[in-house]
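Chemist: Okay, so here is entry_18.cif, and as you'll see once you scroll down, it has mmCIF, C-alpha atoms.
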```cif
data_entry
#
loop_
_atom_site.label_atom_id
_atom_site.label_comp_id
_atom_site.auth_asym_id
_atom_site.auth_seq_id
_atom_site.Cartn_x
_atom_site.Cartn_y
_atom_site.Cartn_z
CA MET A 7 63.98 -8.85 -87.85
CA GLU A 8 61.22 -7.41 -85.71
CA ARG A 9 57.63 -8.64 -85.64
CA LYS A 10 55.52 -6.92 -88.27
CA THR A 11 53.39 -7.86 -91.25
CA GLY A 12 55.68 -8.15 -94.22
CA LEU A 13 56.70 -9.75 -97.47
CA ILE A 14 59.75 -11.89 -98.25
CA LEU A 15 60.64 -12.74 -101.84
CA ALA A 16 61.78 -16.33 -102.44
CA LEU A 17 64.20 -15.59 -105.26
CA ASP A 18 64.39 -19.10 -106.70
CA GLU A 19 66.00 -18.02 -109.93
CA THR A 20 69.24 -19.72 -110.94
CA ASN A 21 70.19 -17.08 -113.48
CA PRO A 22 72.13 -14.40 -111.56
CA GLU A 23 71.37 -11.53 -113.97
CA ARG A 24 67.66 -12.22 -113.92
CA ALA A 25 67.73 -12.64 -110.13
CA LEU A 26 69.38 -9.25 -109.67
CA ARG A 27 67.00 -7.56 -112.12
CA ILE A 28 63.91 -8.89 -110.36
CA ALA A 29 65.27 -7.96 -106.93
CA GLU A 30 65.93 -4.41 -108.14
CA GLU A 31 62.42 -4.13 -109.51
CA VAL A 32 60.57 -5.27 -106.38
CA LYS A 33 62.89 -4.35 -103.52
CA ASP A 34 60.70 -1.50 -102.24
CA TYR A 35 57.92 -3.94 -101.45
CA LEU A 36 60.15 -6.37 -99.57
CA ASP A 37 61.26 -6.91 -96.00
CA ALA A 38 63.79 -9.51 -97.13
CA ILE A 39 64.97 -11.63 -100.04
CA LYS A 40 65.31 -15.37 -99.47
CA VAL A 41 67.94 -17.12 -101.58
CA GLY A 42 68.69 -20.83 -101.76
CA TYR A 43 71.49 -23.10 -102.89
CA PRO A 44 70.33 -23.41 -106.52
CA LEU A 45 71.12 -19.70 -107.05
CA VAL A 46 74.21 -19.63 -104.81
CA LEU A 47 75.80 -22.73 -106.38
CA SER A 48 75.21 -21.23 -109.80
CA ALA A 49 76.27 -17.64 -109.04
CA GLY A 50 78.64 -18.02 -106.10
CA MET A 51 78.31 -16.43 -102.66
CA GLU A 52 78.98 -13.01 -104.21
CA ILE A 53 75.29 -12.89 -105.12
CA VAL A 54 74.45 -12.70 -101.40
CA LYS A 55 76.58 -9.60 -101.06
CA LYS A 56 75.03 -7.96 -104.14
CA LEU A 57 71.45 -8.68 -103.07
CA SER A 58 72.20 -7.47 -99.54
CA GLU A 59 72.71 -4.00 -100.98
CA MET A 60 69.04 -4.02 -102.07
CA ALA A 61 67.31 -5.67 -99.10
CA PRO A 62 68.15 -7.91 -96.13
CA VAL A 63 69.03 -11.40 -97.40
CA ILE A 64 68.03 -14.66 -95.74
CA CYS A 65 70.07 -17.66 -96.89
CA ASP A 66 67.68 -20.58 -97.09
CA PHE A 67 70.35 -23.24 -96.79
CA LYS A 68 68.29 -25.72 -94.75
CA VAL A 69 71.45 -26.23 -92.69
CA ALA A 70 71.27 -29.77 -91.29
CA ASP A 71 74.68 -31.07 -90.34
CA ILE A 72 76.71 -31.78 -87.21
CA PRO A 73 77.36 -28.74 -84.99
CA ASN A 74 80.86 -27.93 -86.25
CA THR A 75 79.86 -28.02 -89.93
CA ASN A 76 76.76 -25.93 -89.21
CA ARG A 77 78.96 -23.36 -87.51
CA LEU A 78 81.30 -23.17 -90.52
CA ILE A 79 78.37 -22.75 -92.93
CA VAL A 80 76.75 -19.99 -90.87
CA GLU A 81 80.09 -18.17 -90.62
CA GLN A 82 80.28 -18.10 -94.42
CA VAL A 83 76.75 -16.71 -94.63
CA LYS A 84 77.53 -14.01 -92.08
CA ARG A 85 80.74 -13.05 -93.86
CA ARG A 86 78.75 -12.26 -97.02
CA GLY A 87 76.47 -9.80 -95.22
CA ALA A 88 73.26 -11.83 -95.00
CA SER A 89 70.75 -10.89 -92.32
CA GLY A 90 69.52 -14.40 -91.64
CA VAL A 91 69.91 -18.10 -92.30
CA ILE A 92 67.45 -21.00 -92.32
CA ALA A 93 68.38 -24.25 -90.60
CA HIS A 94 66.62 -27.55 -90.00
CA ALA A 95 65.65 -28.36 -86.43
CA PHE A 96 65.60 -32.11 -87.05
CA ALA A 97 69.41 -32.42 -86.96
CA GLY A 98 69.08 -31.78 -83.23
CA SER A 99 69.40 -29.11 -80.55
CA ASP A 100 73.20 -28.96 -80.58
CA SER A 101 73.24 -28.47 -84.36
CA LEU A 102 70.73 -25.63 -84.09
CA GLU A 103 72.56 -24.04 -81.15
CA ALA A 104 75.76 -24.07 -83.20
CA CYS A 105 73.93 -22.01 -85.85
CA VAL A 106 72.61 -19.54 -83.30
CA ASP A 107 76.06 -19.15 -81.71
CA ALA A 108 77.79 -18.60 -85.04
CA ALA A 109 75.05 -16.23 -86.24
CA GLY A 110 75.66 -13.59 -83.58
CA ASP A 111 73.29 -10.71 -84.42
CA MET A 112 72.13 -12.45 -87.61
CA ASP A 113 68.73 -14.20 -87.44
CA VAL A 114 68.40 -17.99 -87.45
CA PHE A 115 65.08 -19.43 -88.56
CA ALA A 116 64.28 -23.08 -87.95
CA VAL A 117 62.32 -25.35 -90.25
CA THR A 118 59.83 -27.24 -88.13
CA GLU A 119 57.55 -28.43 -90.87
CA MET A 120 57.66 -28.60 -94.64
CA SER A 121 54.85 -28.01 -97.10
CA HIS A 122 55.52 -30.77 -99.67
CA PRO A 123 53.89 -34.25 -99.44
CA GLY A 124 57.12 -35.91 -98.18
CA GLY A 125 57.11 -33.45 -95.29
CA LYS A 126 54.30 -35.51 -93.74
CA GLU A 127 56.46 -38.66 -93.49
CA PHE A 128 58.95 -37.55 -90.86
CA THR A 129 59.01 -33.82 -90.05
CA ALA A 130 55.26 -33.16 -89.60
CA LYS A 131 55.01 -35.97 -87.02
CA VAL A 132 57.48 -34.25 -84.72
CA ALA A 133 56.83 -30.63 -85.72
CA ASP A 134 55.75 -29.52 -82.24
CA GLU A 135 58.91 -31.01 -80.72
CA LEU A 136 61.02 -29.41 -83.43
CA ALA A 137 59.45 -26.02 -82.64
CA ASP A 138 60.13 -26.57 -78.96
CA ALA A 139 63.79 -27.43 -79.66
CA ALA A 140 64.02 -24.32 -81.85
CA VAL A 141 62.77 -22.04 -79.07
CA LYS A 142 65.22 -23.56 -76.59
CA ALA A 143 68.10 -23.15 -79.04
CA GLY A 144 67.41 -19.41 -79.18
CA VAL A 145 66.32 -18.96 -82.78
CA SER A 146 64.68 -15.74 -84.01
CA GLY A 147 61.77 -17.57 -85.54
CA ILE A 148 60.45 -20.55 -87.47
CA ILE A 149 59.21 -21.45 -90.92
CA ALA A 150 55.60 -22.65 -91.06
CA PRO A 151 53.55 -23.49 -94.17
CA ALA A 152 50.94 -21.00 -95.37
CA THR A 153 49.17 -23.97 -96.94
CA ARG A 154 48.11 -25.06 -93.44
CA PRO A 155 46.96 -22.05 -91.40
CA GLU A 156 45.79 -24.32 -88.55
CA ARG A 157 49.42 -25.39 -88.11
CA ILE A 158 50.55 -21.76 -88.01
CA LYS A 159 48.09 -21.18 -85.16
CA ARG A 160 49.32 -24.23 -83.29
CA LEU A 161 53.01 -23.35 -83.76
CA ARG A 162 52.33 -19.75 -82.67
CA SER A 163 51.06 -21.15 -79.36
CA ILE A 164 54.39 -22.98 -78.89
CA ILE A 165 56.85 -20.27 -79.91
CA GLY A 166 55.21 -17.25 -78.28
CA ASP A 167 56.54 -13.97 -79.65
CA LEU A 168 59.14 -15.36 -82.05
CA LEU A 169 58.81 -14.72 -85.77
CA ILE A 170 56.85 -16.92 -88.15
CA LEU A 171 57.81 -16.88 -91.83
CA SER A 172 55.28 -18.61 -94.09
CA PRO A 173 56.11 -20.05 -97.51
CA GLY A 174 53.62 -21.71 -99.81
CA VAL A 175 51.70 -18.59 -100.84
CA GLY A 176 50.56 -18.32 -104.44
CA ALA A 177 51.80 -21.11 -106.71
CA GLN A 178 51.57 -23.67 -103.89
CA GLY A 179 48.01 -22.65 -103.08
CA GLY A 180 48.36 -20.89 -99.72
CA SER A 181 46.63 -17.56 -99.11
CA ALA A 182 48.78 -14.69 -97.87
CA ARG A 183 45.90 -13.15 -95.93
CA ASP A 184 44.99 -16.47 -94.25
CA ALA A 185 48.60 -17.06 -93.20
CA ILE A 186 48.82 -13.59 -91.64
CA ASP A 187 45.44 -14.00 -89.93
CA ALA A 188 46.60 -17.34 -88.49
CA GLY A 189 49.60 -15.68 -86.88
CA ALA A 190 52.39 -15.45 -89.46
CA ASP A 191 54.50 -12.28 -89.48
CA PHE A 192 55.95 -12.56 -92.96
CA VAL A 193 54.69 -14.36 -96.04
CA ILE A 194 57.30 -15.82 -98.36
CA VAL A 195 56.30 -15.56 -102.02
CA GLY A 196 58.29 -16.91 -104.94
CA ARG A 197 56.91 -17.74 -108.36
CA ALA A 198 53.85 -15.46 -108.00
CA ILE A 199 56.34 -12.59 -108.08
CA TYR A 200 59.48 -13.66 -109.95
CA LYS A 201 57.62 -15.53 -112.69
CA SER A 202 55.13 -12.69 -113.07
CA GLU A 203 55.26 -10.59 -116.20
CA LYS A 204 55.09 -7.55 -113.94
CA PRO A 205 56.90 -8.53 -110.72
CA GLY A 206 56.47 -5.06 -109.23
CA GLU A 207 52.69 -5.07 -109.65
CA SER A 208 52.43 -8.61 -108.29
CA ALA A 209 54.48 -7.71 -105.22
CA GLU A 210 52.41 -4.57 -104.68
CA ARG A 211 49.19 -6.60 -104.81
CA ILE A 212 50.44 -8.97 -102.09
CA VAL A 213 51.65 -6.09 -99.95
CA LYS A 214 48.13 -4.61 -100.09
CA GLU A 215 46.51 -7.98 -99.38
CA ILE A 216 48.50 -8.52 -96.19
CA GLY A 217 48.44 -4.87 -95.12
CA ARG A 218 52.19 -4.45 -94.90
CA THR A 219 53.35 -1.38 -93.03
CA GLU A 220 55.39 0.69 -95.47
CA THR A 221 58.14 1.63 -93.06
CA ARG A 222 60.84 -0.81 -92.12
CA GLU A 223 61.57 -1.07 -88.41
CA MET B 29 80.62 -46.75 -106.85
CA GLU B 30 80.88 -50.52 -106.57
CA ARG B 31 81.00 -52.47 -103.30
CA LYS B 32 84.56 -52.86 -102.07
CA THR B 33 86.57 -52.01 -98.99
CA GLY B 34 87.81 -48.49 -99.42
CA LEU B 35 88.70 -45.10 -98.02
CA ILE B 36 86.98 -41.75 -98.50
CA LEU B 37 88.66 -38.52 -97.40
CA ALA B 38 86.38 -35.99 -95.68
CA LEU B 39 88.14 -32.88 -96.90
CA ASP B 40 86.76 -30.47 -94.32
CA GLU B 41 89.27 -27.76 -95.05
CA THR B 42 87.94 -24.29 -95.87
CA ASN B 43 91.20 -23.06 -97.38
CA PRO B 44 91.10 -24.04 -101.09
CA GLU B 45 94.89 -24.14 -101.60
CA ARG B 46 95.43 -26.37 -98.60
CA ALA B 47 92.50 -28.57 -99.62
CA LEU B 48 93.96 -29.09 -103.10
CA ARG B 49 97.44 -29.76 -101.72
CA ILE B 50 96.21 -32.41 -99.29
CA ALA B 51 94.06 -34.07 -101.97
CA GLU B 52 97.06 -34.23 -104.30
CA GLU B 53 99.19 -35.80 -101.59
CA VAL B 54 96.77 -38.58 -100.60
CA LYS B 55 94.76 -39.23 -103.77
CA ASP B 56 96.37 -42.61 -104.49
CA TYR B 57 94.96 -44.01 -101.25
CA LEU B 58 91.44 -42.78 -101.88
CA ASP B 59 88.28 -44.11 -103.47
CA ALA B 60 86.66 -40.70 -103.19
CA ILE B 61 86.93 -37.23 -101.70
CA LYS B 62 83.96 -35.92 -99.74
CA VAL B 63 83.53 -32.13 -99.75
CA GLY B 64 80.99 -30.08 -97.83
CA TYR B 65 79.49 -26.62 -97.95
CA PRO B 66 82.12 -24.96 -95.76
CA LEU B 67 84.73 -25.54 -98.49
CA VAL B 68 82.36 -24.94 -101.42
CA LEU B 69 80.96 -21.68 -100.03
CA SER B 70 84.49 -20.46 -99.46
CA ALA B 71 86.04 -21.65 -102.73
CA GLY B 72 83.07 -21.81 -105.12
CA MET B 73 81.83 -24.85 -107.04
CA GLU B 74 85.00 -24.74 -109.18
CA ILE B 75 86.74 -26.66 -106.39
CA VAL B 76 84.53 -29.67 -107.15
CA LYS B 77 85.76 -29.68 -110.73
CA LYS B 78 89.39 -29.38 -109.68
CA LEU B 79 89.18 -32.15 -107.08
CA SER B 80 87.33 -34.39 -109.55
CA GLU B 81 90.48 -34.47 -111.64
CA MET B 82 92.25 -36.20 -108.74
CA ALA B 83 89.57 -38.59 -107.46
CA PRO B 84 85.80 -39.08 -107.57
CA VAL B 85 84.12 -36.31 -105.54
CA ILE B 86 81.09 -36.77 -103.32
CA CYS B 87 79.32 -33.52 -102.43
CA ASP B 88 78.19 -33.84 -98.85
CA PHE B 89 75.47 -31.22 -99.10
CA LYS B 90 72.98 -32.93 -96.75
CA VAL B 91 70.34 -31.96 -99.31
CA ALA B 92 67.06 -31.58 -97.40
CA ASP B 93 64.61 -29.41 -99.27
CA ILE B 94 61.39 -29.78 -101.24
CA PRO B 95 61.68 -31.96 -104.38
CA ASN B 96 62.12 -29.15 -106.90
CA THR B 97 64.89 -27.43 -104.93
CA ASN B 98 66.64 -30.76 -104.35
CA ARG B 99 66.56 -31.38 -108.08
CA LEU B 100 68.12 -27.99 -108.82
CA ILE B 101 70.89 -28.56 -106.26
CA VAL B 102 71.74 -32.03 -107.58
CA GLU B 103 71.84 -30.67 -111.15
CA GLN B 104 74.48 -28.15 -110.07
CA VAL B 105 76.53 -30.90 -108.43
CA LYS B 106 76.33 -33.06 -111.55
CA ARG B 107 77.31 -30.17 -113.80
CA ARG B 108 80.59 -29.79 -111.88
CA GLY B 109 81.61 -33.41 -112.45
CA ALA B 110 80.99 -34.88 -109.00
CA SER B 111 80.45 -38.63 -108.75
CA GLY B 112 77.99 -38.50 -105.88
CA VAL B 113 75.89 -36.38 -103.56
CA ILE B 114 74.67 -36.88 -100.00
CA ALA B 115 71.05 -36.10 -99.14
CA HIS B 116 68.93 -36.37 -96.01
CA ALA B 117 66.19 -38.99 -96.01
CA PHE B 118 64.38 -36.99 -93.34
CA ALA B 119 62.84 -34.54 -95.84
CA GLY B 120 60.77 -37.42 -97.23
CA SER B 121 60.58 -39.93 -100.07
CA ASP B 122 59.64 -37.46 -102.79
CA SER B 123 62.57 -35.20 -101.90
CA LEU B 124 64.96 -38.14 -102.04
CA GLU B 125 63.47 -39.42 -105.30
CA ALA B 126 63.97 -35.99 -106.84
CA CYS B 127 67.69 -36.30 -105.99
CA VAL B 128 67.93 -39.78 -107.52
CA ASP B 129 66.13 -38.65 -110.68
CA ALA B 130 68.33 -35.60 -111.14
CA ALA B 131 71.50 -37.57 -110.35
CA GLY B 132 71.25 -39.91 -113.33
CA ASP B 133 74.39 -42.06 -113.25
CA MET B 134 75.76 -40.12 -110.28
CA ASP B 135 75.44 -41.78 -106.85
CA VAL B 136 73.02 -40.53 -104.21
CA PHE B 137 73.77 -41.47 -100.60
CA ALA B 138 71.13 -40.96 -97.92
CA VAL B 139 71.77 -39.90 -94.36
CA THR B 140 69.74 -42.18 -92.13
CA GLU B 141 71.47 -41.49 -88.87
CA MET B 142 73.95 -38.93 -87.58
CA SER B 143 76.84 -39.47 -85.19
CA HIS B 144 76.61 -36.32 -83.03
CA PRO B 145 74.59 -36.19 -79.76
CA GLY B 146 71.72 -34.20 -81.35
CA GLY B 147 71.35 -37.01 -83.89
CA LYS B 148 69.67 -39.06 -81.15
CA GLU B 149 66.82 -36.55 -80.73
CA PHE B 150 65.03 -37.00 -84.04
CA THR B 151 66.91 -38.93 -86.73
CA ALA B 152 68.08 -41.96 -84.69
CA LYS B 153 64.52 -42.69 -83.57
CA VAL B 154 63.37 -43.23 -87.15
CA ALA B 155 66.65 -44.42 -88.68
CA ASP B 156 65.28 -47.79 -89.79
CA GLU B 157 62.34 -46.08 -91.54
CA LEU B 158 64.71 -43.57 -93.12
CA ALA B 159 66.84 -46.43 -94.46
CA ASP B 160 63.74 -48.10 -95.81
CA ALA B 161 62.63 -44.89 -97.56
CA ALA B 162 66.15 -44.54 -98.98
CA VAL B 163 66.09 -48.04 -100.49
CA LYS B 164 62.68 -47.41 -102.04
CA ALA B 165 63.85 -44.08 -103.50
CA GLY B 166 66.62 -45.91 -105.36
CA VAL B 167 69.73 -44.51 -103.68
CA SER B 168 73.17 -46.08 -104.20
CA GLY B 169 73.83 -46.32 -100.49
CA ILE B 170 73.56 -44.79 -97.06
CA ILE B 171 75.70 -43.05 -94.47
CA ALA B 172 76.00 -44.90 -91.14
CA PRO B 173 78.17 -43.95 -88.15
CA ALA B 174 81.39 -45.88 -87.53
CA THR B 175 81.01 -44.92 -83.88
CA ARG B 176 78.14 -47.40 -83.61
CA PRO B 177 79.05 -50.66 -85.42
CA GLU B 178 75.91 -52.38 -84.12
CA ARG B 179 73.87 -49.85 -86.07
CA ILE B 180 75.89 -50.56 -89.23
CA LYS B 181 74.99 -54.24 -88.84
CA ARG B 182 71.33 -53.43 -88.36
CA LEU B 183 71.21 -51.03 -91.33
CA ARG B 184 73.03 -53.56 -93.50
CA SER B 185 70.16 -55.98 -92.84
CA ILE B 186 67.70 -53.36 -94.13
CA ILE B 187 69.50 -52.13 -97.24
CA GLY B 188 70.85 -55.44 -98.57
CA ASP B 189 73.59 -54.95 -101.12
CA LEU B 190 73.61 -51.16 -101.25
CA LEU B 191 76.71 -49.24 -100.19
CA ILE B 192 77.45 -48.16 -96.63
CA LEU B 193 79.75 -45.18 -96.10
CA SER B 194 80.87 -44.74 -92.49
CA PRO B 195 82.06 -41.45 -91.02
CA GLY B 196 83.25 -40.98 -87.45
CA VAL B 197 86.56 -42.82 -87.78
CA GLY B 198 89.57 -41.39 -85.95
CA ALA B 199 88.95 -38.03 -84.27
CA GLN B 200 85.35 -38.97 -83.43
CA GLY B 201 86.43 -42.26 -81.86
CA GLY B 202 85.21 -44.87 -84.35
CA SER B 203 87.48 -47.69 -85.49
CA ALA B 204 87.93 -48.18 -89.23
CA ARG B 205 88.40 -51.92 -88.85
CA ASP B 206 85.29 -52.32 -86.66
CA ALA B 207 83.16 -50.36 -89.14
CA ILE B 208 84.31 -52.57 -92.03
CA ASP B 209 83.79 -55.74 -89.99
CA ALA B 210 80.27 -54.59 -89.14
CA GLY B 211 79.41 -54.27 -92.83
CA ALA B 212 80.57 -50.87 -94.04
CA ASP B 213 82.10 -50.68 -97.53
CA PHE B 214 83.93 -47.37 -97.19
CA VAL B 215 85.20 -45.55 -94.15
CA ILE B 216 85.13 -41.76 -94.25
CA VAL B 217 88.12 -40.20 -92.51
CA GLY B 218 88.70 -36.48 -92.05
CA ARG B 219 90.90 -34.90 -89.44
CA ALA B 220 93.02 -38.04 -88.88
CA ILE B 221 94.28 -37.46 -92.42
CA TYR B 222 93.99 -33.76 -93.30
CA LYS B 223 95.16 -32.53 -89.90
CA SER B 224 98.02 -35.03 -89.86
CA GLU B 225 101.56 -33.76 -90.26
CA LYS B 226 102.05 -36.49 -92.85
CA PRO B 227 98.66 -36.98 -94.53
CA GLY B 228 100.07 -39.57 -96.97
CA GLU B 229 101.38 -41.81 -94.20
CA SER B 230 98.16 -41.47 -92.19
CA ALA B 231 96.06 -42.41 -95.21
CA GLU B 232 98.34 -45.35 -95.96
CA ARG B 233 97.99 -46.62 -92.39
CA ILE B 234 94.18 -46.62 -92.64
CA VAL B 235 94.27 -48.30 -96.03
CA LYS B 236 96.33 -51.11 -94.50
CA GLU B 237 94.06 -51.35 -91.45
CA ILE B 238 90.93 -51.85 -93.53
CA GLY B 239 92.62 -54.01 -96.17
CA ARG B 240 91.69 -51.81 -99.12
CA THR B 241 92.12 -53.44 -102.51
CA GLU B 242 94.60 -51.35 -104.47
CA THR B 243 92.76 -51.43 -107.75
CA ARG B 244 89.70 -49.35 -108.35
CA GLU B 245 86.78 -51.20 -109.84
#
```
As a first step, turn the structure in this file into structure tokens.

Modeler:
Amino acid sequence: MERKTGLILALDETNPERALRIAEEVKDYLDAIKVGYPLVLSAGMEIVKKLSEMAPVICDFKVADIPNTNRLIVEQVKRRGASGVIAHAFAGSDSLEACVDAAGDMDVFAVTEMSHPGGKEFTAKVADELADAAVKAGVSGIIAPATRPERIKRLRSIIGDLLILSPGVGAQGGSARDAIDAGADFVIVGRAIYKSEKPGESAERIVKEIGRTETRE
Amino acid sequence: MERKTGLILALDETNPERALRIAEEVKDYLDAIKVGYPLVLSAGMEIVKKLSEMAPVICDFKVADIPNTNRLIVEQVKRRGASGVIAHAFAGSDSLEACVDAAGDMDVFAVTEMSHPGGKEFTAKVADELADAAVKAGVSGIIAPATRPERIKRLRSIIGDLLILSPGVGAQGGSARDAIDAGADFVIVGRAIYKSEKPGESAERIVKEIGRTETRE
């Protein structure tokens, strides 16, 4: 992915039919669809292939194993046509490098900080170091919480021109506009879209709020 | 699982047919089979069900997400008949507690330390705190590297009577006997069994080395 202001749908549905229907309805507003293990374990990896036909898919697998296992996981993701994968930086530089190597032209995004309360216990304390390790490992970008724009600013100063993807918008209380103003490239929105009665209208509203460019580079 | 001296097979095969054949051949020597995402993403969650008919299955998913996502992942694991799941303690107490809650009578094992070089960068530095958080979250046991028996001893002093599962035996250089002597309950062995020309004989040799009790409690 290239740097731009855009919207990523966190498709945290576990029902495959509903997931596909929502994706179809909102795909024109999206730069990517983020899917996690709850959906993949329920629907199988075939869902990644199907969604990839609508928009680029980022597998949010929070990959956090030893290098060889990470490599095998990322190979599976790549085989199904995803455009990116999310890995934890805390498992160490070699683990992250294994993801980047296996990814080839696919994007790897590193988690440097998490938005839930437990994220303060271990990850937040070393978030700057995690970001640093991520840059050195050659990732395409990092994940940084929209709920804390001051952290987005700080992390932007560490990672330079790499991408920042910001979850936590909407249901978790983060503002899409604030995240973008702080330096995020893409906001990741889940429930505010897929739980909406009119997912298309909700996605369109966010796209206007962040000032997404309509064309995809 | 109850405390005893036993053997767990790390079935890190990505070919489902071969994985099932090896499991069938060595199941009588095993207390559990540990499967990871490389196999599950290749074969689908059905493989967990099939392997569960041969021995208890522990899903080594290194679960490391926000509480709600962890809960959804553990529910999927439970639904397929696994006996346990492995989660990272690094994502924080609430994330780990969500796993324990969703697991019910299934075991949750927490990763407190990893055996690869990158494990020294972030996890090893806070391993004692991670073990402490794991105990408080109500896990059944932890994962501790057979390659470092002194760490097994130390972690045993923190977790009391909970289970210790030790990977790193064989190909990674750890000794099964040393891990057990240091306080591990189960050794986790992968390549030394599934890459062996005679997996049954290799498993039998390890069972004798550790002095596994033949009956399953």

Chemist: Using all atoms listed in the file, find each residue in chain A having at least one atom no more than 7 Å away from chain B; report its shortest atom-to-atom pair and that distance in Å (one decimal), rows by chain then rising number, as a tab-separated table.

Modeler:
```
residue	atom	partner	partner_atom	distance
A:Tyr43	CA	B:Ile101	CA	6.4
A:Pro44	CA	B:Ile101	CA	5.2
A:Leu47	CA	B:Met73	CA	6.4
A:Ser48	CA	B:Gln104	CA	7.0
A:Gly50	CA	B:Gly72	CA	5.9
A:Met51	CA	B:Leu69	CA	6.4
A:Lys68	CA	B:Ala92	CA	6.5
A:Ala70	CA	B:Lys90	CA	6.5
A:Asp71	CA	B:Lys90	CA	6.9
A:Ile72	CA	B:His144	CA	6.2
A:Thr75	CA	B:Pro66	CA	7.0
A:Leu78	CA	B:Pro66	CA	5.6
A:Ile79	CA	B:Pro66	CA	5.2
A:Gln82	CA	B:Leu69	CA	6.7
A:Phe96	CA	B:Phe150	CA	5.8
A:Ala97	CA	B:Gly147	CA	5.9
A:Gly98	CA	B:Gly146	CA	4.0
A:Ser99	CA	B:Gly146	CA	5.7
A:Asp100	CA	B:Gly146	CA	5.5
A:Ser101	CA	B:Gly146	CA	6.6
A:His122	CA	B:Ile94	CA	6.2
A:Gly124	CA	B:Gly120	CA	4.1
A:Gly125	CA	B:Gly120	CA	5.7
A:Glu127	CA	B:Gly120	CA	5.8
A:Phe128	CA	B:Phe118	CA	6.0
A:Thr129	CA	B:Ala119	CA	7.0
```

Chemist: One number please: atom CA of Gly166 of chain A to atom CA of Ser58 of chain A, in Å, one decimal.

Modeler: 28.9 Å

Chemist: Could you give me, as a list in words, the residues within 7 Å of Pro195 of chain B, counting all atoms listed in the file and dropping anything in the same chain fewer than 5 positions from it?

Modeler: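 The neighbour list is Ala172, Pro173, Ala174, Val215, Ile216 and Val217 of chain B.
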
Chemist: Going by the chain IDs and residue numbers used in this file, which residues fall under the PyMOL selection byres ((chain A and resi 205) around 12)? Write them as a ChimeraX atom specification.

Modeler: /A:15,17,24-25,27-36,195-204,206-212

Chemist: Would you mind telling me which residue in A:Asp134, A:Asp107, A:Glu215, A:Asp113 lies nearest to Ala182 of chain A when using only C-alpha atoms?

Modeler: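 Ranking A:Asp134, A:Asp107, A:Glu215, A:Asp113 by distance to Ala182 of chain A, first place goes to A:Glu215.
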
Chemist: Run the PyMOL selection byres ((chain A and resi 115) around 8) mentally over the shown coordinates, then write out the matched residues as a ChimeraX atom specification, using the chain letters and numbers from the document.

Modeler: /A:90-93,113-114,116-117,145-149
